[in-house]
$ cat run-v3.pdb   # PDB, C-alpha atoms, pLDDT in the B column
ATOM      1  CA  MET A  26     -44.177   8.194  41.123  1.00 58.00           C
ATOM      2  CA  SER A  27     -46.143   8.977  44.243  1.00 69.00           C
ATOM      3  CA  LEU A  28     -46.211  12.499  45.578  1.00 72.00           C
ATOM      4  CA  ARG A  29     -47.083  11.241  49.034  1.00 73.00           C
ATOM      5  CA  SER A  30     -44.345  11.166  51.639  1.00 76.00           C
ATOM      6  CA  PRO A  31     -43.695   7.939  53.547  1.00 76.00           C
ATOM      7  CA  LEU A  32     -44.602   9.761  56.777  1.00 78.00           C
ATOM      8  CA  GLY A  33     -47.915  10.844  55.289  1.00 75.00           C
ATOM      9  CA  ARG A  34     -48.690   7.270  54.313  1.00 69.00           C
ATOM     10  CA  VAL A  35     -47.943   5.948  57.791  1.00 70.00           C
ATOM     11  CA  LEU A  36     -49.987   8.653  59.494  1.00 72.00           C
ATOM     12  CA  GLY A  37     -52.815   7.986  57.068  1.00 68.00           C
ATOM     13  CA  SER A  38     -53.111  11.638  56.110  1.00 67.00           C
ATOM     14  CA  GLY A  39     -54.477  10.900  52.627  1.00 65.00           C
ATOM     15  CA  ALA A  40     -57.976  11.576  51.367  1.00 64.00           C
ATOM     16  CA  ALA A  41     -59.456   8.870  53.607  1.00 61.00           C
ATOM     17  CA  LYS A  42     -57.814  10.421  56.705  1.00 62.00           C
ATOM     18  CA  GLU A  43     -56.890   7.038  58.047  1.00 68.00           C
ATOM     19  CA  GLY A  44     -54.438   4.259  57.483  1.00 65.00           C
ATOM     20  CA  VAL A  45     -55.119   0.579  57.806  1.00 78.00           C
ATOM     21  CA  GLY A  46     -57.379   0.932  60.851  1.00 83.00           C
ATOM     22  CA  HIS A  47     -60.513  -0.408  59.179  1.00 87.00           C
ATOM     23  CA  TRP A  48     -58.677  -3.397  57.697  1.00 89.00           C
ATOM     24  CA  TRP A  49     -56.861  -4.167  60.962  1.00 92.00           C
ATOM     25  CA  VAL A  50     -59.920  -3.988  63.245  1.00 94.00           C
ATOM     26  CA  GLN A  51     -61.748  -6.327  60.856  1.00 95.00           C
ATOM     27  CA  ARG A  52     -58.958  -8.889  61.476  1.00 96.00           C
ATOM     28  CA  VAL A  53     -58.813  -8.275  65.232  1.00 97.00           C
ATOM     29  CA  THR A  54     -62.561  -8.834  65.571  1.00 97.00           C
ATOM     30  CA  ALA A  55     -62.346 -11.876  63.259  1.00 98.00           C
ATOM     31  CA  VAL A  56     -59.713 -13.483  65.504  1.00 98.00           C
ATOM     32  CA  ALA A  57     -61.754 -12.701  68.631  1.00 98.00           C
ATOM     33  CA  LEU A  58     -64.882 -14.174  67.064  1.00 98.00           C
ATOM     34  CA  ILE A  59     -63.294 -17.594  66.492  1.00 98.00           C
ATOM     35  CA  PRO A  60     -63.236 -18.647  70.178  1.00 98.00           C
ATOM     36  CA  LEU A  61     -66.351 -16.609  71.067  1.00 98.00           C
ATOM     37  CA  THR A  62     -68.619 -18.159  68.420  1.00 98.00           C
ATOM     38  CA  LEU A  63     -67.173 -21.644  68.986  1.00 98.00           C
ATOM     39  CA  TRP A  64     -67.889 -21.360  72.711  1.00 98.00           C
ATOM     40  CA  PHE A  65     -71.380 -19.935  72.191  1.00 98.00           C
ATOM     41  CA  VAL A  66     -72.552 -22.391  69.531  1.00 98.00           C
ATOM     42  CA  ILE A  67     -71.114 -25.501  71.221  1.00 97.00           C
ATOM     43  CA  THR A  68     -72.575 -24.544  74.606  1.00 97.00           C
ATOM     44  CA  LEU A  69     -75.910 -23.466  73.122  1.00 97.00           C
ATOM     45  CA  LEU A  70     -76.327 -26.786  71.293  1.00 96.00           C
ATOM     46  CA  GLY A  71     -76.029 -28.576  74.621  1.00 95.00           C
ATOM     47  CA  LYS A  72     -79.098 -26.787  76.027  1.00 95.00           C
ATOM     48  CA  PRO A  73     -82.807 -27.565  75.731  1.00 95.00           C
ATOM     49  CA  LEU A  74     -83.567 -24.603  73.453  1.00 96.00           C
ATOM     50  CA  GLN A  75     -87.341 -24.724  73.910  1.00 95.00           C
ATOM     51  CA  SER A  76     -87.140 -24.290  77.691  1.00 95.00           C
ATOM     52  CA  TYR A  77     -87.429 -20.640  78.722  1.00 96.00           C
ATOM     53  CA  GLU A  78     -86.251 -21.435  82.263  1.00 96.00           C
ATOM     54  CA  ALA A  79     -83.169 -23.334  81.101  1.00 96.00           C
ATOM     55  CA  MET A  80     -82.099 -20.681  78.573  1.00 97.00           C
ATOM     56  CA  ARG A  81     -82.687 -17.854  81.011  1.00 97.00           C
ATOM     57  CA  GLY A  82     -80.794 -19.644  83.774  1.00 96.00           C
ATOM     58  CA  TRP A  83     -77.892 -20.298  81.430  1.00 97.00           C
ATOM     59  CA  LEU A  84     -77.528 -16.708  80.172  1.00 97.00           C
ATOM     60  CA  ALA A  85     -77.955 -15.311  83.686  1.00 96.00           C
ATOM     61  CA  GLN A  86     -74.705 -16.932  84.884  1.00 97.00           C
ATOM     62  CA  PRO A  87     -72.030 -14.214  85.330  1.00 96.00           C
ATOM     63  CA  TRP A  88     -69.385 -15.596  82.972  1.00 97.00           C
ATOM     64  CA  VAL A  89     -71.903 -16.650  80.365  1.00 98.00           C
ATOM     65  CA  ALA A  90     -73.340 -13.129  80.423  1.00 98.00           C
ATOM     66  CA  VAL A  91     -69.888 -11.526  80.144  1.00 98.00           C
ATOM     67  CA  LEU A  92     -68.851 -13.730  77.207  1.00 98.00           C
ATOM     68  CA  THR A  93     -72.209 -13.192  75.479  1.00 98.00           C
ATOM     69  CA  VAL A  94     -71.876  -9.405  75.818  1.00 98.00           C
ATOM     70  CA  LEU A  95     -68.375  -9.684  74.331  1.00 98.00           C
ATOM     71  CA  LEU A  96     -69.776 -11.831  71.521  1.00 98.00           C
ATOM     72  CA  ILE A  97     -72.551  -9.320  70.752  1.00 98.00           C
ATOM     73  CA  MET A  98     -70.223  -6.311  70.692  1.00 98.00           C
ATOM     74  CA  THR A  99     -67.573  -8.069  68.598  1.00 98.00           C
ATOM     75  CA  LEU A 100     -70.178  -9.417  66.158  1.00 98.00           C
ATOM     76  CA  ALA A 101     -71.732  -5.956  65.777  1.00 98.00           C
ATOM     77  CA  TRP A 102     -68.351  -4.357  65.135  1.00 98.00           C
ATOM     78  CA  HIS A 103     -67.182  -7.011  62.667  1.00 98.00           C
ATOM     79  CA  SER A 104     -70.534  -6.952  60.881  1.00 98.00           C
ATOM     80  CA  LYS A 105     -70.520  -3.155  60.648  1.00 98.00           C
ATOM     81  CA  LEU A 106     -67.034  -3.127  59.105  1.00 97.00           C
ATOM     82  CA  GLY A 107     -67.943  -5.862  56.631  1.00 97.00           C
ATOM     83  CA  VAL A 108     -71.201  -4.256  55.524  1.00 97.00           C
ATOM     84  CA  GLU A 109     -69.366  -0.930  55.084  1.00 96.00           C
ATOM     85  CA  VAL A 110     -66.838  -2.495  52.707  1.00 94.00           C
ATOM     86  CA  VAL A 111     -69.614  -4.064  50.641  1.00 95.00           C
ATOM     87  CA  ILE A 112     -71.547  -0.766  50.447  1.00 95.00           C
ATOM     88  CA  GLU A 113     -68.416   1.178  49.519  1.00 92.00           C
ATOM     89  CA  ASP A 114     -67.536  -1.348  46.802  1.00 90.00           C
ATOM     90  CA  TYR A 115     -70.905  -1.825  45.119  1.00 91.00           C
ATOM     91  CA  VAL A 116     -72.987   1.306  45.710  1.00 92.00           C
ATOM     92  CA  SER A 117     -71.679   3.959  43.332  1.00 89.00           C
ATOM     93  CA  GLY A 118     -74.025   6.905  43.890  1.00 92.00           C
ATOM     94  CA  HIS A 119     -72.673   9.271  46.532  1.00 94.00           C
ATOM     95  CA  GLY A 120     -76.073   9.950  48.102  1.00 96.00           C
ATOM     96  CA  ALA A 121     -77.138   6.311  48.178  1.00 96.00           C
ATOM     97  CA  LYS A 122     -73.741   5.276  49.555  1.00 96.00           C
ATOM     98  CA  THR A 123     -73.826   7.814  52.387  1.00 96.00           C
ATOM     99  CA  THR A 124     -77.448   6.951  53.219  1.00 97.00           C
ATOM    100  CA  LEU A 125     -76.728   3.222  53.383  1.00 97.00           C
ATOM    101  CA  LEU A 126     -73.572   3.745  55.462  1.00 97.00           C
ATOM    102  CA  LEU A 127     -75.563   5.877  57.919  1.00 98.00           C
ATOM    103  CA  LEU A 128     -78.346   3.293  58.021  1.00 98.00           C
ATOM    104  CA  SER A 129     -75.826   0.497  58.657  1.00 98.00           C
ATOM    105  CA  THR A 130     -74.245   2.462  61.513  1.00 98.00           C
ATOM    106  CA  PHE A 131     -77.638   3.136  63.110  1.00 98.00           C
ATOM    107  CA  VAL A 132     -78.884  -0.457  62.754  1.00 98.00           C
ATOM    108  CA  HIS A 133     -75.652  -1.955  64.080  1.00 98.00           C
ATOM    109  CA  SER A 134     -75.552   0.445  67.034  1.00 98.00           C
ATOM    110  CA  ALA A 135     -79.193  -0.234  67.907  1.00 98.00           C
ATOM    111  CA  ALA A 136     -78.728  -4.004  67.594  1.00 98.00           C
ATOM    112  CA  ALA A 137     -75.600  -3.985  69.760  1.00 98.00           C
ATOM    113  CA  VAL A 138     -77.303  -1.927  72.475  1.00 98.00           C
ATOM    114  CA  ALA A 139     -80.431  -4.100  72.365  1.00 98.00           C
ATOM    115  CA  GLY A 140     -78.403  -7.317  72.568  1.00 98.00           C
ATOM    116  CA  VAL A 141     -76.283  -6.133  75.495  1.00 98.00           C
ATOM    117  CA  PHE A 142     -79.378  -4.746  77.238  1.00 98.00           C
ATOM    118  CA  ALA A 143     -81.183  -8.081  76.863  1.00 98.00           C
ATOM    119  CA  VAL A 144     -78.275  -9.980  78.437  1.00 98.00           C
ATOM    120  CA  LEU A 145     -78.080  -7.447  81.284  1.00 98.00           C
ATOM    121  CA  ILE A 146     -81.802  -7.873  81.990  1.00 97.00           C
ATOM    122  CA  LEU A 147     -81.332 -11.645  82.164  1.00 97.00           C
ATOM    123  CA  ALA A 148     -78.203 -11.447  84.293  1.00 96.00           C
ATOM    124  CA  LEU A 149     -79.272  -8.738  86.713  1.00 95.00           C
ATOM    125  CA  SER A 150     -82.957  -9.449  87.323  1.00 87.00           C
TER     126      SER A 150
ATOM    127  CA  MET B  30     -50.685   7.316  33.521  1.00 53.00           C
ATOM    128  CA  ASN B  31     -49.521   6.795  37.052  1.00 67.00           C
ATOM    129  CA  GLN B  32     -48.557   3.473  38.551  1.00 76.00           C
ATOM    130  CA  ARG B  33     -51.577   3.091  40.812  1.00 76.00           C
ATOM    131  CA  PRO B  34     -53.194  -0.334  40.856  1.00 74.00           C
ATOM    132  CA  LEU B  35     -56.442  -0.610  38.929  1.00 71.00           C
ATOM    133  CA  SER B  36     -59.475  -2.232  40.469  1.00 68.00           C
ATOM    134  CA  PRO B  37     -60.013  -5.617  38.827  1.00 67.00           C
ATOM    135  CA  HIS B  38     -62.262  -5.887  35.793  1.00 70.00           C
ATOM    136  CA  LEU B  39     -64.009  -9.150  36.557  1.00 66.00           C
ATOM    137  CA  GLY B  40     -65.024  -9.659  32.921  1.00 71.00           C
ATOM    138  CA  VAL B  41     -61.484 -10.176  31.654  1.00 75.00           C
ATOM    139  CA  TYR B  42     -60.663 -13.079  33.961  1.00 75.00           C
ATOM    140  CA  LYS B  43     -61.240 -16.725  33.160  1.00 77.00           C
ATOM    141  CA  PHE B  44     -63.722 -18.162  35.646  1.00 80.00           C
ATOM    142  CA  MET B  45     -62.178 -20.138  38.495  1.00 80.00           C
ATOM    143  CA  TYR B  46     -64.137 -21.764  41.290  1.00 84.00           C
ATOM    144  CA  THR B  47     -61.967 -19.852  43.757  1.00 86.00           C
ATOM    145  CA  MET B  48     -63.722 -16.718  42.447  1.00 87.00           C
ATOM    146  CA  SER B  49     -67.106 -18.011  43.535  1.00 90.00           C
ATOM    147  CA  LEU B  50     -65.618 -18.910  46.935  1.00 91.00           C
ATOM    148  CA  SER B  51     -64.491 -15.294  47.241  1.00 91.00           C
ATOM    149  CA  ILE B  52     -67.869 -13.763  46.370  1.00 92.00           C
ATOM    150  CA  MET B  53     -69.500 -16.354  48.636  1.00 95.00           C
ATOM    151  CA  HIS B  54     -67.486 -14.923  51.523  1.00 96.00           C
ATOM    152  CA  ARG B  55     -69.138 -11.540  51.019  1.00 95.00           C
ATOM    153  CA  LEU B  56     -72.618 -12.975  50.491  1.00 96.00           C
ATOM    154  CA  THR B  57     -72.397 -15.226  53.548  1.00 97.00           C
ATOM    155  CA  GLY B  58     -71.017 -12.266  55.507  1.00 97.00           C
ATOM    156  CA  LEU B  59     -74.104 -10.225  54.595  1.00 97.00           C
ATOM    157  CA  ALA B  60     -76.308 -13.168  55.575  1.00 98.00           C
ATOM    158  CA  ALA B  61     -74.461 -13.340  58.903  1.00 98.00           C
ATOM    159  CA  SER B  62     -75.235  -9.634  59.446  1.00 98.00           C
ATOM    160  CA  VAL B  63     -78.927 -10.383  59.021  1.00 98.00           C
ATOM    161  CA  GLY B  64     -78.452 -13.381  61.330  1.00 97.00           C
ATOM    162  CA  PHE B  65     -76.924 -11.060  63.928  1.00 98.00           C
ATOM    163  CA  LEU B  66     -80.133  -9.009  63.926  1.00 98.00           C
ATOM    164  CA  ALA B  67     -82.158 -12.212  64.346  1.00 98.00           C
ATOM    165  CA  PHE B  68     -79.869 -13.252  67.226  1.00 98.00           C
ATOM    166  CA  VAL B  69     -80.532  -9.926  68.990  1.00 98.00           C
ATOM    167  CA  TRP B  70     -84.279 -10.330  68.357  1.00 98.00           C
ATOM    168  CA  TRP B  71     -84.095 -13.799  69.973  1.00 98.00           C
ATOM    169  CA  LEU B  72     -82.199 -12.400  73.001  1.00 98.00           C
ATOM    170  CA  MET B  73     -84.774  -9.603  73.373  1.00 98.00           C
ATOM    171  CA  ALA B  74     -87.563 -12.183  73.275  1.00 98.00           C
ATOM    172  CA  LEU B  75     -85.807 -14.171  76.012  1.00 97.00           C
ATOM    173  CA  ALA B  76     -85.387 -11.000  78.090  1.00 97.00           C
ATOM    174  CA  SER B  77     -89.063 -10.071  77.566  1.00 97.00           C
ATOM    175  CA  GLY B  78     -90.412 -13.149  79.353  1.00 96.00           C
ATOM    176  CA  PRO B  79     -91.795 -16.651  78.848  1.00 97.00           C
ATOM    177  CA  GLY B  80     -94.624 -15.615  76.499  1.00 97.00           C
ATOM    178  CA  ALA B  81     -92.365 -13.684  74.137  1.00 97.00           C
ATOM    179  CA  TYR B  82     -89.777 -16.470  74.136  1.00 97.00           C
ATOM    180  CA  GLU B  83     -92.397 -19.086  73.363  1.00 96.00           C
ATOM    181  CA  GLY B  84     -93.618 -16.960  70.461  1.00 97.00           C
ATOM    182  CA  ALA B  85     -90.089 -16.512  69.143  1.00 97.00           C
ATOM    183  CA  MET B  86     -89.364 -20.238  69.340  1.00 97.00           C
ATOM    184  CA  ARG B  87     -92.649 -21.024  67.580  1.00 96.00           C
ATOM    185  CA  ALA B  88     -91.623 -18.667  64.765  1.00 96.00           C
ATOM    186  CA  LEU B  89     -88.133 -20.193  64.630  1.00 95.00           C
ATOM    187  CA  THR B  90     -89.385 -23.771  64.447  1.00 94.00           C
ATOM    188  CA  SER B  91     -91.949 -23.375  61.660  1.00 95.00           C
ATOM    189  CA  PRO B  92     -91.051 -25.587  58.681  1.00 95.00           C
ATOM    190  CA  PHE B  93     -90.000 -22.583  56.581  1.00 96.00           C
ATOM    191  CA  ALA B  94     -87.907 -21.107  59.408  1.00 96.00           C
ATOM    192  CA  LYS B  95     -86.208 -24.471  59.959  1.00 96.00           C
ATOM    193  CA  LEU B  96     -85.227 -24.582  56.298  1.00 96.00           C
ATOM    194  CA  LEU B  97     -83.957 -21.017  56.606  1.00 97.00           C
ATOM    195  CA  LEU B  98     -81.984 -21.963  59.744  1.00 97.00           C
ATOM    196  CA  ILE B  99     -80.290 -24.852  57.942  1.00 97.00           C
ATOM    197  CA  GLY B 100     -79.357 -22.509  55.094  1.00 97.00           C
ATOM    198  CA  PHE B 101     -78.138 -19.936  57.574  1.00 97.00           C
ATOM    199  CA  THR B 102     -76.060 -22.546  59.410  1.00 97.00           C
ATOM    200  CA  PHE B 103     -74.350 -23.489  56.145  1.00 97.00           C
ATOM    201  CA  SER B 104     -73.777 -19.823  55.348  1.00 97.00           C
ATOM    202  CA  PHE B 105     -72.364 -18.999  58.784  1.00 98.00           C
ATOM    203  CA  VAL B 106     -70.119 -22.058  58.940  1.00 98.00           C
ATOM    204  CA  TYR B 107     -68.791 -21.227  55.469  1.00 98.00           C
ATOM    205  CA  HIS B 108     -67.994 -17.651  56.506  1.00 98.00           C
ATOM    206  CA  PHE B 109     -66.301 -18.980  59.654  1.00 98.00           C
ATOM    207  CA  CYS B 110     -64.121 -21.532  57.796  1.00 98.00           C
ATOM    208  CA  ASN B 111     -63.296 -19.276  54.868  1.00 97.00           C
ATOM    209  CA  GLY B 112     -62.590 -16.449  57.320  1.00 97.00           C
ATOM    210  CA  ILE B 113     -59.872 -18.590  58.886  1.00 97.00           C
ATOM    211  CA  ARG B 114     -58.527 -19.146  55.350  1.00 97.00           C
ATOM    212  CA  HIS B 115     -58.408 -15.365  54.900  1.00 97.00           C
ATOM    213  CA  LEU B 116     -56.609 -14.921  58.223  1.00 97.00           C
ATOM    214  CA  VAL B 117     -53.978 -17.466  57.142  1.00 97.00           C
ATOM    215  CA  TRP B 118     -53.553 -15.533  53.865  1.00 96.00           C
ATOM    216  CA  ASP B 119     -53.047 -12.345  55.902  1.00 95.00           C
ATOM    217  CA  THR B 120     -49.926 -13.911  57.394  1.00 95.00           C
ATOM    218  CA  GLY B 121     -48.582 -14.300  53.853  1.00 94.00           C
ATOM    219  CA  ARG B 122     -49.036 -18.081  53.729  1.00 95.00           C
ATOM    220  CA  GLY B 123     -50.959 -20.249  51.296  1.00 93.00           C
ATOM    221  CA  LEU B 124     -51.213 -17.662  48.522  1.00 92.00           C
ATOM    222  CA  GLU B 125     -49.832 -19.840  45.720  1.00 93.00           C
ATOM    223  CA  ARG B 126     -52.481 -20.814  43.180  1.00 90.00           C
ATOM    224  CA  ALA B 127     -52.372 -24.541  43.940  1.00 93.00           C
ATOM    225  CA  GLN B 128     -52.405 -23.908  47.702  1.00 94.00           C
ATOM    226  CA  ALA B 129     -55.356 -21.522  47.432  1.00 93.00           C
ATOM    227  CA  ARG B 130     -57.304 -24.083  45.399  1.00 93.00           C
ATOM    228  CA  ARG B 131     -56.546 -26.828  47.890  1.00 95.00           C
ATOM    229  CA  SER B 132     -57.511 -24.693  50.912  1.00 95.00           C
ATOM    230  CA  GLY B 133     -60.694 -23.694  49.058  1.00 95.00           C
ATOM    231  CA  ALA B 134     -61.654 -27.347  48.649  1.00 95.00           C
ATOM    232  CA  MET B 135     -60.823 -27.955  52.328  1.00 97.00           C
ATOM    233  CA  VAL B 136     -63.141 -25.097  53.322  1.00 97.00           C
ATOM    234  CA  VAL B 137     -66.018 -26.549  51.289  1.00 97.00           C
ATOM    235  CA  VAL B 138     -65.572 -30.048  52.766  1.00 98.00           C
ATOM    236  CA  ALA B 139     -65.206 -28.686  56.321  1.00 98.00           C
ATOM    237  CA  THR B 140     -68.298 -26.503  55.851  1.00 98.00           C
ATOM    238  CA  LEU B 141     -70.436 -29.444  54.741  1.00 98.00           C
ATOM    239  CA  LEU B 142     -69.245 -31.636  57.642  1.00 98.00           C
ATOM    240  CA  ILE B 143     -69.620 -28.959  60.334  1.00 98.00           C
ATOM    241  CA  THR B 144     -73.020 -27.879  58.973  1.00 98.00           C
ATOM    242  CA  ALA B 145     -74.242 -31.473  59.201  1.00 98.00           C
ATOM    243  CA  LEU B 146     -72.943 -31.717  62.799  1.00 97.00           C
ATOM    244  CA  VAL B 147     -74.559 -28.428  63.870  1.00 98.00           C
ATOM    245  CA  VAL B 148     -77.891 -29.348  62.242  1.00 97.00           C
ATOM    246  CA  TRP B 149     -77.798 -32.768  63.941  1.00 96.00           C
ATOM    247  CA  PHE B 150     -77.078 -31.372  67.410  1.00 96.00           C
ATOM    248  CA  GLY B 151     -79.391 -28.419  66.747  1.00 96.00           C
ATOM    249  CA  CYS B 152     -82.307 -30.787  66.127  1.00 94.00           C
ATOM    250  CA  ALA B 153     -81.541 -32.612  69.382  1.00 94.00           C
ATOM    251  CA  ALA B 154     -81.325 -29.303  71.274  1.00 94.00           C
ATOM    252  CA  LEU B 155     -84.653 -28.172  69.786  1.00 92.00           C
ATOM    253  CA  ALA B 156     -86.235 -31.469  70.788  1.00 89.00           C
ATOM    254  CA  GLY B 157     -84.974 -30.773  74.320  1.00 79.00           C
ATOM    255  CA  THR B 158     -82.803 -33.876  74.494  1.00 69.00           C
ATOM    256  CA  PRO B 159     -79.225 -32.721  73.978  1.00 61.00           C
TER     257      PRO B 159
END
$ encode --input "run-v3.pdb" --output "structure tokens"
Amino acid sequence: MSLRSPLGRVLGSGAAKEGVGHWWVQRVTAVALIPLTLWFVITLLGKPLQSYEAMRGWLAQPWVAVLTVLLIMTLAWHSKLGVEVVIEDYVSGHGAKTTLLLLSTFVHSAAAVAGVFAVLILALS
Amino acid sequence: MNQRPLSPHLGVYKFMYTMSLSIMHRLTGLAASVGFLAFVWWLMALASGPGAYEGAMRALTSPFAKLLLIGFTFSFVYHFCNGIRHLVWDTGRGLERAQARRSGAMVVVATLLITALVVWFGCAALAGTP
């Protein structure tokens, strides 16, 4: 017998203070990443990777830059959610868990900003 | 005791290869997170100029890095294919034991084929003749 009301369950007012948001966003980003990674990898493999000029010219194109920024942000988000689940499942100490979750948030935020910034430099300079 | 579900005690289950596919999804996901950081590092090198990009590409094409890249390609492709399997499961389809085993085998075969394709075209792209 659960003491939780159906309304409470839907609103996610349990101990975690949220419902299925984490789970759902992981799926939304997963679906978005299918076309984004397919596009990026297939297009990338058609370029001369060793040529600075060619790579720069490619990423500087407006739509390529937009899609790459989308790819970076979606990857960062999906990766952050995935790493969080792994930390929550396997790290049992409260202090270690909180520290690693904080570290993951900081690293993912920094990486996302750096990636987007790099594309903006290429596209706008 | 209440009726809450217990978290699984892995030790009491008979080993199935689908179990290793499941843990592989997490491991390859973690590897992809590291790969994401490397991807950002590569983009920053490109944004920093020709010298930095040349240095990054020299690091990426050392024999050890090439081996690592092949391993990473396999890992990423696996996570991609098995991720689609998970998304199909989320719609409530393919959850029967026989179906899950069959889709698991399909993921492994698809991963090997796609990895070989990506490595092949990746070598051509690195040689500058795509």
$ residues_near_point --input "run-v3.pdb" --point "(-73.9, 4.2, 48.9)" --cutoff "8 Å" --atoms "all atoms listed in the file" --output "list of chain:residue names"
A:Ile112, A:Glu113, A:Tyr115, A:Val116, A:Ser117, A:Gly118, A:His119, A:Gly120, A:Ala121, A:Lys122, A:Thr123, A:Thr124, A:Leu125, A:Leu126
$ interface_residues --input "run-v3.pdb" --of "chain A" --to "chain B" --cutoff "8 Å" --atoms "only C-alpha atoms" --output "count of residues only"
28
$ atom_distance --input "run-v3.pdb" --atom1 "CA of Asn111 in chain B" --atom2 "CA of Thr130 in chain A"
25.2 Å
$ atom_distance --input "run-v3.pdb" --atom1 "CA of Ala94 in chain B" --atom2 "CA of Val138 in chain B"
25.0 Å
$ closest_residue --input "run-v3.pdb" --among "A:Trp102, A:Gly33, A:Ser134, A:Leu128" --to "Gln51 in chain A" --atoms "all atoms listed in the file"
A:Trp102
$ atom_distance --input "run-v3.pdb" --atom1 "CA of Phe65 in chain A" --atom2 "CA of Val89 in chain A"
8.8 Å
$ build_atoms --input "run-v3.pdb" --residues "range 126-145 of chain A" --atoms "N, CA and C atoms" --output "PDB file, keeping the file's coordinate frame"
ATOM      1  N   LEU A 126     -74.590   3.818  54.408  1.00 97.00           N
ATOM      2  CA  LEU A 126     -73.572   3.745  55.462  1.00 97.00           C
ATOM      3  C   LEU A 126     -74.146   4.246  56.788  1.00 97.00           C
ATOM      4  N   LEU A 127     -74.921   5.345  56.711  1.00 98.00           N
ATOM      5  CA  LEU A 127     -75.563   5.877  57.919  1.00 98.00           C
ATOM      6  C   LEU A 127     -76.529   4.847  58.497  1.00 98.00           C
ATOM      7  N   LEU A 128     -77.353   4.277  57.596  1.00 98.00           N
ATOM      8  CA  LEU A 128     -78.346   3.293  58.021  1.00 98.00           C
ATOM      9  C   LEU A 128     -77.655   2.101  58.695  1.00 98.00           C
ATOM     10  N   SER A 129     -76.568   1.629  58.091  1.00 98.00           N
ATOM     11  CA  SER A 129     -75.826   0.497  58.657  1.00 98.00           C
ATOM     12  C   SER A 129     -75.304   0.830  60.053  1.00 98.00           C
ATOM     13  N   THR A 130     -74.762   2.045  60.198  1.00 98.00           N
ATOM     14  CA  THR A 130     -74.245   2.462  61.513  1.00 98.00           C
ATOM     15  C   THR A 130     -75.365   2.468  62.545  1.00 98.00           C
ATOM     16  N   PHE A 131     -76.525   3.040  62.160  1.00 98.00           N
ATOM     17  CA  PHE A 131     -77.638   3.136  63.110  1.00 98.00           C
ATOM     18  C   PHE A 131     -78.143   1.739  63.494  1.00 98.00           C
ATOM     19  N   VAL A 132     -78.340   0.881  62.479  1.00 98.00           N
ATOM     20  CA  VAL A 132     -78.884  -0.457  62.754  1.00 98.00           C
ATOM     21  C   VAL A 132     -77.922  -1.257  63.619  1.00 98.00           C
ATOM     22  N   HIS A 133     -76.623  -1.199  63.293  1.00 98.00           N
ATOM     23  CA  HIS A 133     -75.652  -1.955  64.080  1.00 98.00           C
ATOM     24  C   HIS A 133     -75.571  -1.435  65.515  1.00 98.00           C
ATOM     25  N   SER A 134     -75.607  -0.110  65.680  1.00 98.00           N
ATOM     26  CA  SER A 134     -75.552   0.445  67.034  1.00 98.00           C
ATOM     27  C   SER A 134     -76.784   0.011  67.825  1.00 98.00           C
ATOM     28  N   ALA A 135     -77.956   0.126  67.214  1.00 98.00           N
ATOM     29  CA  ALA A 135     -79.193  -0.234  67.907  1.00 98.00           C
ATOM     30  C   ALA A 135     -79.185  -1.721  68.271  1.00 98.00           C
ATOM     31  N   ALA A 136     -78.738  -2.566  67.331  1.00 98.00           N
ATOM     32  CA  ALA A 136     -78.728  -4.004  67.594  1.00 98.00           C
ATOM     33  C   ALA A 136     -77.757  -4.343  68.715  1.00 98.00           C
ATOM     34  N   ALA A 137     -76.581  -3.703  68.713  1.00 98.00           N
ATOM     35  CA  ALA A 137     -75.600  -3.985  69.760  1.00 98.00           C
ATOM     36  C   ALA A 137     -76.149  -3.583  71.123  1.00 98.00           C
ATOM     37  N   VAL A 138     -76.754  -2.395  71.197  1.00 98.00           N
ATOM     38  CA  VAL A 138     -77.303  -1.927  72.475  1.00 98.00           C
ATOM     39  C   VAL A 138     -78.427  -2.854  72.932  1.00 98.00           C
ATOM     40  N   ALA A 139     -79.313  -3.221  72.004  1.00 98.00           N
ATOM     41  CA  ALA A 139     -80.431  -4.100  72.365  1.00 98.00           C
ATOM     42  C   ALA A 139     -79.923  -5.451  72.867  1.00 98.00           C
ATOM     43  N   GLY A 140     -78.939  -6.014  72.174  1.00 98.00           N
ATOM     44  CA  GLY A 140     -78.403  -7.317  72.568  1.00 98.00           C
ATOM     45  C   GLY A 140     -77.771  -7.278  73.952  1.00 98.00           C
ATOM     46  N   VAL A 141     -76.941  -6.259  74.189  1.00 98.00           N
ATOM     47  CA  VAL A 141     -76.283  -6.133  75.495  1.00 98.00           C
ATOM     48  C   VAL A 141     -77.332  -5.901  76.580  1.00 98.00           C
ATOM     49  N   PHE A 142     -78.319  -5.040  76.275  1.00 98.00           N
ATOM     50  CA  PHE A 142     -79.378  -4.746  77.238  1.00 98.00           C
ATOM     51  C   PHE A 142     -80.153  -6.017  77.603  1.00 98.00           C
ATOM     52  N   ALA A 143     -80.448  -6.842  76.609  1.00 98.00           N
ATOM     53  CA  ALA A 143     -81.183  -8.081  76.863  1.00 98.00           C
ATOM     54  C   ALA A 143     -80.398  -8.991  77.813  1.00 98.00           C
ATOM     55  N   VAL A 144     -79.085  -9.124  77.565  1.00 98.00           N
ATOM     56  CA  VAL A 144     -78.275  -9.980  78.437  1.00 98.00           C
ATOM     57  C   VAL A 144     -78.226  -9.405  79.847  1.00 98.00           C
ATOM     58  N   LEU A 145     -78.129  -8.079  79.955  1.00 98.00           N
ATOM     59  CA  LEU A 145     -78.080  -7.447  81.284  1.00 98.00           C
ATOM     60  C   LEU A 145     -79.383  -7.694  82.042  1.00 98.00           C
TER      61      LEU A 145
END
